[in-house]
Structures are given as C-alpha cells and as structure tokens.
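Raw final18.cif, mmCIF, N, CA and C atoms:
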```
data_model
loop_
_atom_site.group_PDB
_atom_site.id
_atom_site.type_symbol
_atom_site.label_atom_id
_atom_site.label_comp_id
_atom_site.auth_asym_id
_atom_site.auth_seq_id
_atom_site.Cartn_x
_atom_site.Cartn_y
_atom_site.Cartn_z
ATOM 1 N N MET A 626 2.578 14.682 -16.135
ATOM 2 C CA MET A 626 1.147 14.734 -16.364
ATOM 3 C C MET A 626 0.511 13.473 -15.812
ATOM 4 N N ILE A 627 -0.497 13.629 -14.999
ATOM 5 C CA ILE A 627 -1.216 12.497 -14.425
ATOM 6 C C ILE A 627 -2.317 12.082 -15.386
ATOM 7 N N ARG A 628 -2.284 10.812 -15.758
ATOM 8 C CA ARG A 628 -3.291 10.282 -16.670
ATOM 9 C C ARG A 628 -4.403 9.638 -15.856
ATOM 10 N N PRO A 629 -5.655 10.031 -16.089
ATOM 11 C CA PRO A 629 -6.734 9.410 -15.336
ATOM 12 C C PRO A 629 -6.862 7.934 -15.718
ATOM 13 N N MET A 630 -7.145 7.113 -14.725
ATOM 14 C CA MET A 630 -7.288 5.693 -14.963
ATOM 15 C C MET A 630 -8.699 5.398 -15.452
ATOM 16 N N ILE A 631 -8.808 4.556 -16.458
ATOM 17 C CA ILE A 631 -10.113 4.138 -16.958
ATOM 18 C C ILE A 631 -10.533 2.923 -16.152
ATOM 19 N N PRO A 632 -11.702 2.954 -15.542
ATOM 20 C CA PRO A 632 -12.155 1.796 -14.763
ATOM 21 C C PRO A 632 -12.258 0.552 -15.640
ATOM 22 N N GLU A 633 -12.103 -0.614 -15.003
ATOM 23 C CA GLU A 633 -12.142 -1.880 -15.718
ATOM 24 C C GLU A 633 -13.332 -2.720 -15.271
ATOM 25 N N LEU A 634 -14.045 -3.237 -16.245
ATOM 26 C CA LEU A 634 -15.066 -4.249 -15.993
ATOM 27 C C LEU A 634 -14.400 -5.586 -16.236
ATOM 28 N N HIS A 635 -14.287 -6.389 -15.204
ATOM 29 C CA HIS A 635 -13.696 -7.717 -15.350
ATOM 30 C C HIS A 635 -14.788 -8.756 -15.093
ATOM 31 N N ILE A 636 -15.008 -9.608 -16.096
ATOM 32 C CA ILE A 636 -16.040 -10.637 -16.009
ATOM 33 C C ILE A 636 -15.362 -11.992 -15.896
ATOM 34 N N SER A 637 -15.845 -12.799 -14.981
ATOM 35 C CA SER A 637 -15.318 -14.151 -14.845
ATOM 36 C C SER A 637 -16.475 -15.135 -14.676
ATOM 37 N N LYS A 638 -16.261 -16.344 -15.182
ATOM 38 C CA LYS A 638 -17.283 -17.384 -15.091
ATOM 39 C C LYS A 638 -17.156 -18.078 -13.744
ATOM 40 N N VAL A 639 -18.251 -18.101 -12.995
ATOM 41 C CA VAL A 639 -18.277 -18.754 -11.698
ATOM 42 C C VAL A 639 -18.681 -20.211 -11.888
ATOM 43 N N GLN A 640 -19.706 -20.413 -12.683
ATOM 44 C CA GLN A 640 -20.209 -21.736 -13.040
ATOM 45 C C GLN A 640 -21.112 -21.556 -14.248
ATOM 46 N N SER A 641 -21.693 -22.632 -14.725
ATOM 47 C CA SER A 641 -22.579 -22.533 -15.882
ATOM 48 C C SER A 641 -23.708 -21.539 -15.595
ATOM 49 N N ASN A 642 -23.896 -20.586 -16.488
ATOM 50 C CA ASN A 642 -24.939 -19.556 -16.365
ATOM 51 C C ASN A 642 -24.786 -18.656 -15.140
ATOM 52 N N LEU A 643 -23.560 -18.466 -14.683
ATOM 53 C CA LEU A 643 -23.325 -17.542 -13.574
ATOM 54 C C LEU A 643 -21.969 -16.857 -13.777
ATOM 55 N N TYR A 644 -22.024 -15.540 -13.987
ATOM 56 C CA TYR A 644 -20.834 -14.745 -14.256
ATOM 57 C C TYR A 644 -20.732 -13.613 -13.241
ATOM 58 N N GLU A 645 -19.527 -13.407 -12.748
ATOM 59 C CA GLU A 645 -19.272 -12.321 -11.797
ATOM 60 C C GLU A 645 -18.715 -11.123 -12.550
ATOM 61 N N ALA A 646 -19.292 -9.965 -12.291
ATOM 62 C CA ALA A 646 -18.821 -8.718 -12.889
ATOM 63 C C ALA A 646 -18.230 -7.853 -11.778
ATOM 64 N N ARG A 647 -16.953 -7.515 -11.940
ATOM 65 C CA ARG A 647 -16.263 -6.676 -10.967
ATOM 66 C C ARG A 647 -15.841 -5.381 -11.644
ATOM 67 N N LEU A 648 -16.082 -4.280 -10.998
ATOM 68 C CA LEU A 648 -15.647 -2.969 -11.485
ATOM 69 C C LEU A 648 -14.450 -2.524 -10.651
ATOM 70 N N LEU A 649 -13.341 -2.321 -11.343
ATOM 71 C CA LEU A 649 -12.098 -1.993 -10.661
ATOM 72 C C LEU A 649 -11.544 -0.660 -11.132
ATOM 73 N N ASP A 650 -10.942 0.043 -10.207
ATOM 74 C CA ASP A 650 -10.160 1.237 -10.512
ATOM 75 C C ASP A 650 -8.755 0.905 -10.036
ATOM 76 N N GLY A 651 -7.955 0.406 -10.955
ATOM 77 C CA GLY A 651 -6.661 -0.135 -10.555
ATOM 78 C C GLY A 651 -6.914 -1.470 -9.898
ATOM 79 N N LYS A 652 -6.517 -1.601 -8.646
ATOM 80 C CA LYS A 652 -6.730 -2.849 -7.918
ATOM 81 C C LYS A 652 -7.909 -2.767 -6.960
ATOM 82 N N GLU A 653 -8.510 -1.595 -6.860
ATOM 83 C CA GLU A 653 -9.602 -1.395 -5.906
ATOM 84 C C GLU A 653 -10.963 -1.555 -6.579
ATOM 85 N N GLU A 654 -11.865 -2.267 -5.894
ATOM 86 C CA GLU A 654 -13.223 -2.387 -6.404
ATOM 87 C C GLU A 654 -13.948 -1.061 -6.232
ATOM 88 N N ILE A 655 -14.643 -0.649 -7.283
ATOM 89 C CA ILE A 655 -15.426 0.591 -7.234
ATOM 90 C C ILE A 655 -16.770 0.322 -6.579
ATOM 91 N N PHE A 656 -17.378 -0.796 -6.947
ATOM 92 C CA PHE A 656 -18.666 -1.234 -6.407
ATOM 93 C C PHE A 656 -18.553 -2.712 -6.071
ATOM 94 N N PRO A 657 -19.436 -3.223 -5.224
ATOM 95 C CA PRO A 657 -19.417 -4.664 -4.955
ATOM 96 C C PRO A 657 -19.695 -5.461 -6.237
ATOM 97 N N SER A 658 -19.159 -6.676 -6.287
ATOM 98 C CA SER A 658 -19.388 -7.552 -7.430
ATOM 99 C C SER A 658 -20.882 -7.806 -7.609
ATOM 100 N N GLU A 659 -21.256 -7.991 -8.876
ATOM 101 C CA GLU A 659 -22.628 -8.381 -9.191
ATOM 102 C C GLU A 659 -22.567 -9.640 -10.027
ATOM 103 N N PHE A 660 -23.658 -10.404 -10.020
ATOM 104 C CA PHE A 660 -23.696 -11.678 -10.724
ATOM 105 C C PHE A 660 -24.799 -11.660 -11.776
ATOM 106 N N TYR A 661 -24.490 -12.286 -12.923
ATOM 107 C CA TYR A 661 -25.403 -12.294 -14.061
ATOM 108 C C TYR A 661 -25.440 -13.685 -14.680
ATOM 109 N N GLU A 662 -26.456 -13.938 -15.487
ATOM 110 C CA GLU A 662 -26.618 -15.242 -16.124
ATOM 111 C C GLU A 662 -25.757 -15.412 -17.373
ATOM 112 N N SER A 663 -25.267 -14.308 -17.935
ATOM 113 C CA SER A 663 -24.458 -14.396 -19.153
ATOM 114 C C SER A 663 -23.484 -13.216 -19.208
ATOM 115 N N ILE A 664 -22.523 -13.338 -20.095
ATOM 116 C CA ILE A 664 -21.576 -12.244 -20.313
ATOM 117 C C ILE A 664 -22.322 -11.043 -20.886
ATOM 118 N N THR A 665 -23.249 -11.311 -21.806
ATOM 119 C CA THR A 665 -24.058 -10.232 -22.388
ATOM 120 C C THR A 665 -24.814 -9.479 -21.299
ATOM 121 N N ASP A 666 -25.456 -10.219 -20.397
ATOM 122 C CA ASP A 666 -26.196 -9.582 -19.299
ATOM 123 C C ASP A 666 -25.278 -8.769 -18.402
ATOM 124 N N ALA A 667 -24.065 -9.277 -18.173
ATOM 125 C CA ALA A 667 -23.108 -8.553 -17.327
ATOM 126 C C ALA A 667 -22.714 -7.223 -17.970
ATOM 127 N N ILE A 668 -22.411 -7.261 -19.253
ATOM 128 C CA ILE A 668 -22.025 -6.028 -19.955
ATOM 129 C C ILE A 668 -23.172 -5.030 -19.934
ATOM 130 N N ARG A 669 -24.363 -5.489 -20.285
ATOM 131 C CA ARG A 669 -25.532 -4.613 -20.312
ATOM 132 C C ARG A 669 -25.837 -4.061 -18.916
ATOM 133 N N GLY A 670 -25.872 -4.945 -17.918
ATOM 134 C CA GLY A 670 -26.220 -4.529 -16.558
ATOM 135 C C GLY A 670 -25.269 -3.505 -15.982
ATOM 136 N N VAL A 671 -23.982 -3.745 -16.154
ATOM 137 C CA VAL A 671 -22.986 -2.800 -15.643
ATOM 138 C C VAL A 671 -23.100 -1.469 -16.376
ATOM 139 N N ALA A 672 -23.247 -1.520 -17.687
ATOM 140 C CA ALA A 672 -23.342 -0.281 -18.475
ATOM 141 C C ALA A 672 -24.560 0.542 -18.086
ATOM 142 N N GLU A 673 -25.677 -0.132 -17.862
ATOM 143 C CA GLU A 673 -26.901 0.596 -17.502
ATOM 144 C C GLU A 673 -26.814 1.241 -16.127
ATOM 145 N N ASP A 674 -26.082 0.604 -15.215
ATOM 146 C CA ASP A 674 -25.999 1.108 -13.839
ATOM 147 C C ASP A 674 -24.782 1.990 -13.572
ATOM 148 N N PHE A 675 -23.838 2.053 -14.520
ATOM 149 C CA PHE A 675 -22.583 2.755 -14.265
ATOM 150 C C PHE A 675 -22.788 4.265 -14.304
ATOM 151 N N PRO A 676 -22.368 4.983 -13.252
ATOM 152 C CA PRO A 676 -22.539 6.435 -13.200
ATOM 153 C C PRO A 676 -21.655 7.178 -14.212
ATOM 154 N N ALA A 677 -22.266 7.954 -15.066
ATOM 155 C CA ALA A 677 -21.532 8.697 -16.098
ATOM 156 C C ALA A 677 -20.532 9.681 -15.492
ATOM 157 N N GLU A 678 -20.778 10.152 -14.274
ATOM 158 C CA GLU A 678 -19.845 11.113 -13.668
ATOM 159 C C GLU A 678 -18.505 10.462 -13.315
ATOM 160 N N ILE A 679 -18.464 9.140 -13.219
ATOM 161 C CA ILE A 679 -17.185 8.458 -12.972
ATOM 162 C C ILE A 679 -16.396 8.359 -14.271
ATOM 163 N N SER A 680 -17.044 7.876 -15.329
ATOM 164 C CA SER A 680 -16.394 7.746 -16.631
ATOM 165 C C SER A 680 -17.438 7.354 -17.668
ATOM 166 N N GLU A 681 -17.175 7.722 -18.914
ATOM 167 C CA GLU A 681 -18.039 7.286 -20.009
ATOM 168 C C GLU A 681 -17.426 6.098 -20.732
ATOM 169 N N PHE A 682 -16.301 5.613 -20.212
ATOM 170 C CA PHE A 682 -15.578 4.513 -20.837
ATOM 171 C C PHE A 682 -15.167 3.492 -19.798
ATOM 172 N N LEU A 683 -15.102 2.229 -20.222
ATOM 173 C CA LEU A 683 -14.628 1.143 -19.371
ATOM 174 C C LEU A 683 -13.723 0.227 -20.188
ATOM 175 N N GLU A 684 -12.694 -0.287 -19.539
ATOM 176 C CA GLU A 684 -11.909 -1.375 -20.121
ATOM 177 C C GLU A 684 -12.739 -2.634 -19.869
ATOM 178 N N VAL A 685 -12.906 -3.461 -20.888
ATOM 179 C CA VAL A 685 -13.767 -4.628 -20.746
ATOM 180 C C VAL A 685 -12.938 -5.897 -20.921
ATOM 181 N N GLY A 686 -12.941 -6.744 -19.888
ATOM 182 C CA GLY A 686 -12.164 -7.966 -19.935
ATOM 183 C C GLY A 686 -12.947 -9.172 -19.458
ATOM 184 N N TYR A 687 -12.515 -10.345 -19.951
ATOM 185 C CA TYR A 687 -13.100 -11.624 -19.566
ATOM 186 C C TYR A 687 -11.957 -12.613 -19.417
ATOM 187 N N VAL A 688 -11.911 -13.296 -18.314
ATOM 188 C CA VAL A 688 -10.838 -14.223 -17.992
ATOM 189 C C VAL A 688 -9.525 -13.441 -18.085
ATOM 190 N N ASP A 689 -8.639 -13.788 -19.008
ATOM 191 C CA ASP A 689 -7.346 -13.107 -19.118
ATOM 192 C C ASP A 689 -7.215 -12.255 -20.364
ATOM 193 N N VAL A 690 -8.336 -11.931 -21.020
ATOM 194 C CA VAL A 690 -8.273 -11.137 -22.249
ATOM 195 C C VAL A 690 -9.082 -9.852 -22.083
ATOM 196 N N SER A 691 -8.803 -8.905 -22.962
ATOM 197 C CA SER A 691 -9.508 -7.628 -22.935
ATOM 198 C C SER A 691 -9.818 -7.198 -24.364
ATOM 199 N N ILE A 692 -10.980 -6.614 -24.542
ATOM 200 C CA ILE A 692 -11.298 -6.029 -25.844
ATOM 201 C C ILE A 692 -11.071 -4.526 -25.810
ATOM 202 N N GLY A 693 -10.365 -4.075 -24.789
ATOM 203 C CA GLY A 693 -9.942 -2.685 -24.734
ATOM 204 C C GLY A 693 -10.989 -1.740 -24.180
ATOM 205 N N THR A 694 -10.740 -0.478 -24.402
ATOM 206 C CA THR A 694 -11.600 0.581 -23.889
ATOM 207 C C THR A 694 -12.869 0.663 -24.729
ATOM 208 N N GLN A 695 -13.996 0.632 -24.046
ATOM 209 C CA GLN A 695 -15.297 0.673 -24.727
ATOM 210 C C GLN A 695 -16.118 1.830 -24.173
ATOM 211 N N TRP A 696 -16.850 2.480 -25.059
ATOM 212 C CA TRP A 696 -17.780 3.527 -24.657
ATOM 213 C C TRP A 696 -18.978 2.866 -23.992
ATOM 214 N N VAL A 697 -19.387 3.380 -22.843
ATOM 215 C CA VAL A 697 -20.506 2.804 -22.098
ATOM 216 C C VAL A 697 -21.778 2.790 -22.952
ATOM 217 N N GLY A 698 -21.964 3.793 -23.795
ATOM 218 C CA GLY A 698 -23.123 3.821 -24.695
ATOM 219 C C GLY A 698 -23.147 2.625 -25.635
ATOM 220 N N LYS A 699 -21.982 2.238 -26.140
ATOM 221 C CA LYS A 699 -21.895 1.056 -27.014
ATOM 222 C C LYS A 699 -22.170 -0.211 -26.213
ATOM 223 N N MET A 700 -21.727 -0.232 -24.974
ATOM 224 C CA MET A 700 -21.981 -1.392 -24.117
ATOM 225 C C MET A 700 -23.476 -1.578 -23.881
ATOM 226 N N LYS A 701 -24.208 -0.481 -23.777
ATOM 227 C CA LYS A 701 -25.661 -0.560 -23.611
ATOM 228 C C LYS A 701 -26.337 -1.016 -24.901
ATOM 229 N N ALA A 702 -25.851 -0.507 -26.023
ATOM 230 C CA ALA A 702 -26.492 -0.756 -27.319
ATOM 231 C C ALA A 702 -26.116 -2.102 -27.932
ATOM 232 N N GLU A 703 -24.891 -2.565 -27.688
ATOM 233 C CA GLU A 703 -24.395 -3.763 -28.366
ATOM 234 C C GLU A 703 -23.738 -4.763 -27.411
ATOM 235 N N PRO A 704 -24.384 -5.109 -26.312
ATOM 236 C CA PRO A 704 -23.726 -6.010 -25.362
ATOM 237 C C PRO A 704 -23.460 -7.406 -25.931
ATOM 238 N N ALA A 705 -24.336 -7.916 -26.778
ATOM 239 C CA ALA A 705 -24.132 -9.261 -27.336
ATOM 240 C C ALA A 705 -22.924 -9.292 -28.263
ATOM 241 N N ALA A 706 -22.744 -8.255 -29.061
ATOM 242 C CA ALA A 706 -21.594 -8.201 -29.967
ATOM 243 C C ALA A 706 -20.290 -8.115 -29.179
ATOM 244 N N LEU A 707 -20.273 -7.337 -28.110
ATOM 245 C CA LEU A 707 -19.068 -7.220 -27.290
ATOM 246 C C LEU A 707 -18.786 -8.531 -26.560
ATOM 247 N N ALA A 708 -19.840 -9.192 -26.072
ATOM 248 C CA ALA A 708 -19.671 -10.487 -25.410
ATOM 249 C C ALA A 708 -19.090 -11.506 -26.386
ATOM 250 N N GLU A 709 -19.564 -11.489 -27.618
ATOM 251 C CA GLU A 709 -19.053 -12.411 -28.626
ATOM 252 C C GLU A 709 -17.571 -12.145 -28.899
ATOM 253 N N GLN A 710 -17.186 -10.881 -28.957
ATOM 254 C CA GLN A 710 -15.767 -10.536 -29.146
ATOM 255 C C GLN A 710 -14.919 -11.103 -28.012
ATOM 256 N N LEU A 711 -15.394 -10.933 -26.783
ATOM 257 C CA LEU A 711 -14.652 -11.435 -25.623
ATOM 258 C C LEU A 711 -14.489 -12.947 -25.683
ATOM 259 N N VAL A 712 -15.572 -13.651 -25.946
ATOM 260 C CA VAL A 712 -15.538 -15.115 -25.972
ATOM 261 C C VAL A 712 -14.644 -15.606 -27.108
ATOM 262 N N ASN A 713 -14.769 -15.000 -28.281
ATOM 263 C CA ASN A 713 -13.938 -15.405 -29.420
ATOM 264 C C ASN A 713 -12.455 -15.148 -29.154
ATOM 265 N N LEU A 714 -12.157 -14.009 -28.561
ATOM 266 C CA LEU A 714 -10.766 -13.700 -28.252
ATOM 267 C C LEU A 714 -10.219 -14.660 -27.204
ATOM 268 N N ALA A 715 -10.989 -14.925 -26.165
ATOM 269 C CA ALA A 715 -10.547 -15.862 -25.124
ATOM 270 C C ALA A 715 -10.309 -17.249 -25.719
ATOM 271 N N ALA A 716 -11.196 -17.692 -26.615
ATOM 272 C CA ALA A 716 -11.038 -19.001 -27.249
ATOM 273 C C ALA A 716 -9.793 -19.045 -28.126
ATOM 274 N N ALA A 717 -9.535 -17.974 -28.865
ATOM 275 C CA ALA A 717 -8.355 -17.922 -29.723
ATOM 276 C C ALA A 717 -7.075 -17.951 -28.897
ATOM 277 N N VAL A 718 -7.051 -17.224 -27.803
ATOM 278 C CA VAL A 718 -5.875 -17.218 -26.931
ATOM 279 C C VAL A 718 -5.673 -18.606 -26.324
ATOM 280 N N TRP A 719 -6.744 -19.206 -25.841
ATOM 281 C CA TRP A 719 -6.657 -20.541 -25.246
ATOM 282 C C TRP A 719 -6.133 -21.542 -26.272
ATOM 283 N N GLN A 720 -6.681 -21.507 -27.482
ATOM 284 C CA GLN A 720 -6.253 -22.429 -28.528
ATOM 285 C C GLN A 720 -4.774 -22.219 -28.870
ATOM 286 N N SER A 721 -4.363 -20.975 -28.978
ATOM 287 C CA SER A 721 -2.963 -20.666 -29.276
ATOM 288 C C SER A 721 -2.039 -21.198 -28.185
ATOM 289 N N GLN A 722 -2.445 -21.010 -26.938
ATOM 290 C CA GLN A 722 -1.626 -21.501 -25.829
ATOM 291 C C GLN A 722 -1.569 -23.019 -25.810
ATOM 292 N N GLU A 723 -2.686 -23.655 -26.119
ATOM 293 C CA GLU A 723 -2.708 -25.113 -26.180
ATOM 294 C C GLU A 723 -1.771 -25.619 -27.272
ATOM 295 N N GLU A 724 -1.832 -24.988 -28.440
ATOM 296 C CA GLU A 724 -0.968 -25.400 -29.552
ATOM 297 C C GLU A 724 0.501 -25.186 -29.221
ATOM 298 N N ARG A 725 0.805 -24.074 -28.573
ATOM 299 C CA ARG A 725 2.191 -23.800 -28.199
ATOM 300 C C ARG A 725 2.664 -24.782 -27.150
ATOM 301 N N GLY A 726 1.780 -25.094 -26.211
ATOM 302 C CA GLY A 726 2.120 -26.086 -25.173
ATOM 303 C C GLY A 726 2.350 -27.451 -25.784
ATOM 304 N N ALA A 727 1.523 -27.811 -26.772
ATOM 305 C CA ALA A 727 1.673 -29.101 -27.434
ATOM 306 C C ALA A 727 3.000 -29.147 -28.181
ATOM 307 N N CYS A 728 3.376 -28.038 -28.810
ATOM 308 C CA CYS A 728 4.651 -27.989 -29.550
ATOM 309 C C CYS A 728 5.821 -28.121 -28.582
ATOM 310 N N VAL A 729 5.727 -27.475 -27.441
ATOM 311 C CA VAL A 729 6.806 -27.543 -26.462
ATOM 312 C C VAL A 729 6.936 -28.962 -25.928
ATOM 313 N N ARG A 730 5.806 -29.602 -25.611
ATOM 314 C CA ARG A 730 5.845 -30.973 -25.090
ATOM 315 C C ARG A 730 6.392 -31.946 -26.131
ATOM 316 N N GLN A 731 6.019 -31.744 -27.417
ATOM 317 C CA GLN A 731 6.484 -32.648 -28.457
ATOM 318 C C GLN A 731 7.982 -32.520 -28.694
ATOM 319 N N SER A 732 8.503 -31.321 -28.563
ATOM 320 C CA SER A 732 9.919 -31.116 -28.853
ATOM 321 C C SER A 732 10.803 -31.458 -27.668
ATOM 322 N N ALA A 733 10.224 -31.621 -26.517
ATOM 323 C CA ALA A 733 11.020 -31.906 -25.306
ATOM 324 C C ALA A 733 11.454 -33.352 -25.241
#
```
File written out as structure tokens:
Amino acid sequence: MIRPMIPELHISKVQSNLYEARLLDGKEEIFPSEFYESITDAIRGVAEDFPAEISEFLEVGYVDVSIGTQWVGKMKAEPAALAEQLVNLAAAVWQSQEERGACVRQSA
C-alpha cells in the first residue's frame, strides 16, 4: 500500500525578524521559499496560501524540531499558539542537548 506523503512546512531563522518558509514534498520544494517577519506570520501566510487540493494537512517544523501533522485550518486560526509550541520545543531540545554535552565534557 502506497502511503501519501504529507507536505512539510519547514521554517528557519535567517536573521532577526526574518524567517524562511519552505514547503517540501519529501526532498523536493513544492513552491519557492517565502520570507516572513516571524514564525507566526510564516505559519499563517503558508496556511492561507496553501492549495487545499494538495493537502489539508502539513507537517510543521522549525530548525530541527517538529510539532507534527497540523490541520491547515488550525494553522490559519491559531498560528501564534503553534509558533509558541515550535519555539518552546526547540528551546527544550537545545537545553537538553546543552546539558547532555556539559555532562559528557565533565565526565571526560
């Protein structure tokens, strides 16, 4: 059985107040990258412009973390809440990695 791939919205920080939003289907870009002033704006902008005939769901990621599959309708309605989830998760992962790295360096 062939499972359809859910497109991925990958957001990355380019610089302060500039975020790149890439829409991927596997490794291929679906549309050219777009740039936004915030993660919230990126989520909202992509959701508003994303064609429903492609999918009603997107995998949403920032840096190296993902908050999983999200309904595009929720992305339109609650972009700030989803952005906060992404940032909090990325911070928690970063902190965990820093602590683990510190433990490894101390024990070496």
So what do you get for atom N of A:Lys638 versus atom C of A:Gly686, distance-wise?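 Value for the atom N of A:Lys638-atom C of A:Gly686 distance: 9.0 Å.
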Selected by the PyMOL selection byres ((chain A and resi 660) around 7) in the shown coordinates: which residues, as a PyMOL selection string? chain A and resi 643-646+658-659+661-663+667
Out of A:Ile668, A:Trp719, A:Ser641, A:Gly726, which residue has the shortest atom-to-atom distance to A:Glu684 when counting only C-alpha atoms?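 The shortest atom-to-atom distance to A:Glu684 comes from A:Ile668.
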Can you build me a table of stretch 650-698 of chain A residues sitting at most 7 Å from stretch 702-707 of chain A, with the closest atom pair per residue and its distance in Å to one decimal, using only C-alpha atoms, sorted by chain and residue number, as CSV?
```
residue,atom,partner,partner_atom,distance
A:Thr665,CA,A:Ala705,CA,5.0
A:Ile668,CA,A:Pro704,CA,5.7
A:Arg669,CA,A:Pro704,CA,5.5
A:Gly698,CA,A:Ala702,CA,6.3
```
Selection above as a file: N, CA and C atoms, as an mmCIF file, in the frame of the given file:
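part_32.cif, freshly written:
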```cif
data_model
loop_
_atom_site.group_PDB
_atom_site.id
_atom_site.type_symbol
_atom_site.label_atom_id
_atom_site.label_comp_id
_atom_site.auth_asym_id
_atom_site.auth_seq_id
_atom_site.Cartn_x
_atom_site.Cartn_y
_atom_site.Cartn_z
ATOM 1 N N THR A 665 -23.249 -11.311 -21.806
ATOM 2 C CA THR A 665 -24.058 -10.232 -22.388
ATOM 3 C C THR A 665 -24.814 -9.479 -21.299
ATOM 4 N N ILE A 668 -22.411 -7.261 -19.253
ATOM 5 C CA ILE A 668 -22.025 -6.028 -19.955
ATOM 6 C C ILE A 668 -23.172 -5.030 -19.934
ATOM 7 N N ARG A 669 -24.363 -5.489 -20.285
ATOM 8 C CA ARG A 669 -25.532 -4.613 -20.312
ATOM 9 C C ARG A 669 -25.837 -4.061 -18.916
ATOM 10 N N GLY A 698 -21.964 3.793 -23.795
ATOM 11 C CA GLY A 698 -23.123 3.821 -24.695
ATOM 12 C C GLY A 698 -23.147 2.625 -25.635
#
```
How many Å lie between atom C of A:Asp666 and atom N of A:Gln722, rounded to one decimal? 27.3 Å
If we count only C-alpha atoms and set the cut-off at 12 Å, which residues sit around A:Pro657, ignoring sequence neighbours fewer than 4 positions away in its own chain? Please answer as number ranges by chain. A: 634, 645-649, 653, 671
Per DSSP on the backbone, what are the strand (DSSP E or B) residues of chain A, as a CSV table (one decimal) with N, CA and C atoms, in the frame of the given file?
```csv
chain,number,residue,atom,x,y,z
A,633,GLU,N,-12.1,-0.6,-15.0
A,633,GLU,CA,-12.1,-1.9,-15.7
A,633,GLU,C,-13.3,-2.7,-15.3
A,634,LEU,N,-14.0,-3.2,-16.2
A,634,LEU,CA,-15.1,-4.2,-16.0
A,634,LEU,C,-14.4,-5.6,-16.2
A,635,HIS,N,-14.3,-6.4,-15.2
A,635,HIS,CA,-13.7,-7.7,-15.4
A,635,HIS,C,-14.8,-8.8,-15.1
A,636,ILE,N,-15.0,-9.6,-16.1
A,636,ILE,CA,-16.0,-10.6,-16.0
A,636,ILE,C,-15.4,-12.0,-15.9
A,637,SER,N,-15.8,-12.8,-15.0
A,637,SER,CA,-15.3,-14.2,-14.8
A,637,SER,C,-16.5,-15.1,-14.7
A,638,LYS,N,-16.3,-16.3,-15.2
A,638,LYS,CA,-17.3,-17.4,-15.1
A,638,LYS,C,-17.2,-18.1,-13.7
A,639,VAL,N,-18.3,-18.1,-13.0
A,639,VAL,CA,-18.3,-18.8,-11.7
A,639,VAL,C,-18.7,-20.2,-11.9
A,640,GLN,N,-19.7,-20.4,-12.7
A,640,GLN,CA,-20.2,-21.7,-13.0
A,640,GLN,C,-21.1,-21.6,-14.2
A,643,LEU,N,-23.6,-18.5,-14.7
A,643,LEU,CA,-23.3,-17.5,-13.6
A,643,LEU,C,-22.0,-16.9,-13.8
A,644,TYR,N,-22.0,-15.5,-14.0
A,644,TYR,CA,-20.8,-14.7,-14.3
A,644,TYR,C,-20.7,-13.6,-13.2
A,645,GLU,N,-19.5,-13.4,-12.7
A,645,GLU,CA,-19.3,-12.3,-11.8
A,645,GLU,C,-18.7,-11.1,-12.6
A,646,ALA,N,-19.3,-10.0,-12.3
A,646,ALA,CA,-18.8,-8.7,-12.9
A,646,ALA,C,-18.2,-7.9,-11.8
A,647,ARG,N,-17.0,-7.5,-11.9
A,647,ARG,CA,-16.3,-6.7,-11.0
A,647,ARG,C,-15.8,-5.4,-11.6
A,648,LEU,N,-16.1,-4.3,-11.0
A,648,LEU,CA,-15.6,-3.0,-11.5
A,648,LEU,C,-14.4,-2.5,-10.7
A,649,LEU,N,-13.3,-2.3,-11.3
A,649,LEU,CA,-12.1,-2.0,-10.7
A,649,LEU,C,-11.5,-0.7,-11.1
A,650,ASP,N,-10.9,0.0,-10.2
A,650,ASP,CA,-10.2,1.2,-10.5
A,650,ASP,C,-8.8,0.9,-10.0
A,653,GLU,N,-8.5,-1.6,-6.9
A,653,GLU,CA,-9.6,-1.4,-5.9
A,653,GLU,C,-11.0,-1.6,-6.6
A,654,GLU,N,-11.9,-2.3,-5.9
A,654,GLU,CA,-13.2,-2.4,-6.4
A,654,GLU,C,-13.9,-1.1,-6.2
A,655,ILE,N,-14.6,-0.6,-7.3
A,655,ILE,CA,-15.4,0.6,-7.2
A,655,ILE,C,-16.8,0.3,-6.6
A,656,PHE,N,-17.4,-0.8,-6.9
A,656,PHE,CA,-18.7,-1.2,-6.4
A,656,PHE,C,-18.6,-2.7,-6.1
A,657,PRO,N,-19.4,-3.2,-5.2
A,657,PRO,CA,-19.4,-4.7,-5.0
A,657,PRO,C,-19.7,-5.5,-6.2
A,658,SER,N,-19.2,-6.7,-6.3
A,658,SER,CA,-19.4,-7.6,-7.4
A,658,SER,C,-20.9,-7.8,-7.6
A,659,GLU,N,-21.3,-8.0,-8.9
A,659,GLU,CA,-22.6,-8.4,-9.2
A,659,GLU,C,-22.6,-9.6,-10.0
A,660,PHE,N,-23.7,-10.4,-10.0
A,660,PHE,CA,-23.7,-11.7,-10.7
A,660,PHE,C,-24.8,-11.7,-11.8
A,661,TYR,N,-24.5,-12.3,-12.9
A,661,TYR,CA,-25.4,-12.3,-14.1
A,661,TYR,C,-25.4,-13.7,-14.7
A,682,PHE,N,-16.3,5.6,-20.2
A,682,PHE,CA,-15.6,4.5,-20.8
A,682,PHE,C,-15.2,3.5,-19.8
A,683,LEU,N,-15.1,2.2,-20.2
A,683,LEU,CA,-14.6,1.1,-19.4
A,683,LEU,C,-13.7,0.2,-20.2
A,684,GLU,N,-12.7,-0.3,-19.5
A,684,GLU,CA,-11.9,-1.4,-20.1
A,684,GLU,C,-12.7,-2.6,-19.9
A,685,VAL,N,-12.9,-3.5,-20.9
A,685,VAL,CA,-13.8,-4.6,-20.7
A,685,VAL,C,-12.9,-5.9,-20.9
A,686,GLY,N,-12.9,-6.7,-19.9
A,686,GLY,CA,-12.2,-8.0,-19.9
A,686,GLY,C,-12.9,-9.2,-19.5
A,687,TYR,N,-12.5,-10.3,-20.0
A,687,TYR,CA,-13.1,-11.6,-19.6
A,687,TYR,C,-12.0,-12.6,-19.4
A,690,VAL,N,-8.3,-11.9,-21.0
A,690,VAL,CA,-8.3,-11.1,-22.2
A,690,VAL,C,-9.1,-9.9,-22.1
A,691,SER,N,-8.8,-8.9,-23.0
A,691,SER,CA,-9.5,-7.6,-22.9
A,691,SER,C,-9.8,-7.2,-24.4
A,692,ILE,N,-11.0,-6.6,-24.5
A,692,ILE,CA,-11.3,-6.0,-25.8
A,692,ILE,C,-11.1,-4.5,-25.8
A,693,GLY,N,-10.4,-4.1,-24.8
A,693,GLY,CA,-9.9,-2.7,-24.7
A,693,GLY,C,-11.0,-1.7,-24.2
A,694,THR,N,-10.7,-0.5,-24.4
A,694,THR,CA,-11.6,0.6,-23.9
A,694,THR,C,-12.9,0.7,-24.7
A,695,GLN,N,-14.0,0.6,-24.0
A,695,GLN,CA,-15.3,0.7,-24.7
A,695,GLN,C,-16.1,1.8,-24.2
A,696,TRP,N,-16.8,2.5,-25.1
A,696,TRP,CA,-17.8,3.5,-24.7
A,696,TRP,C,-19.0,2.9,-24.0
```
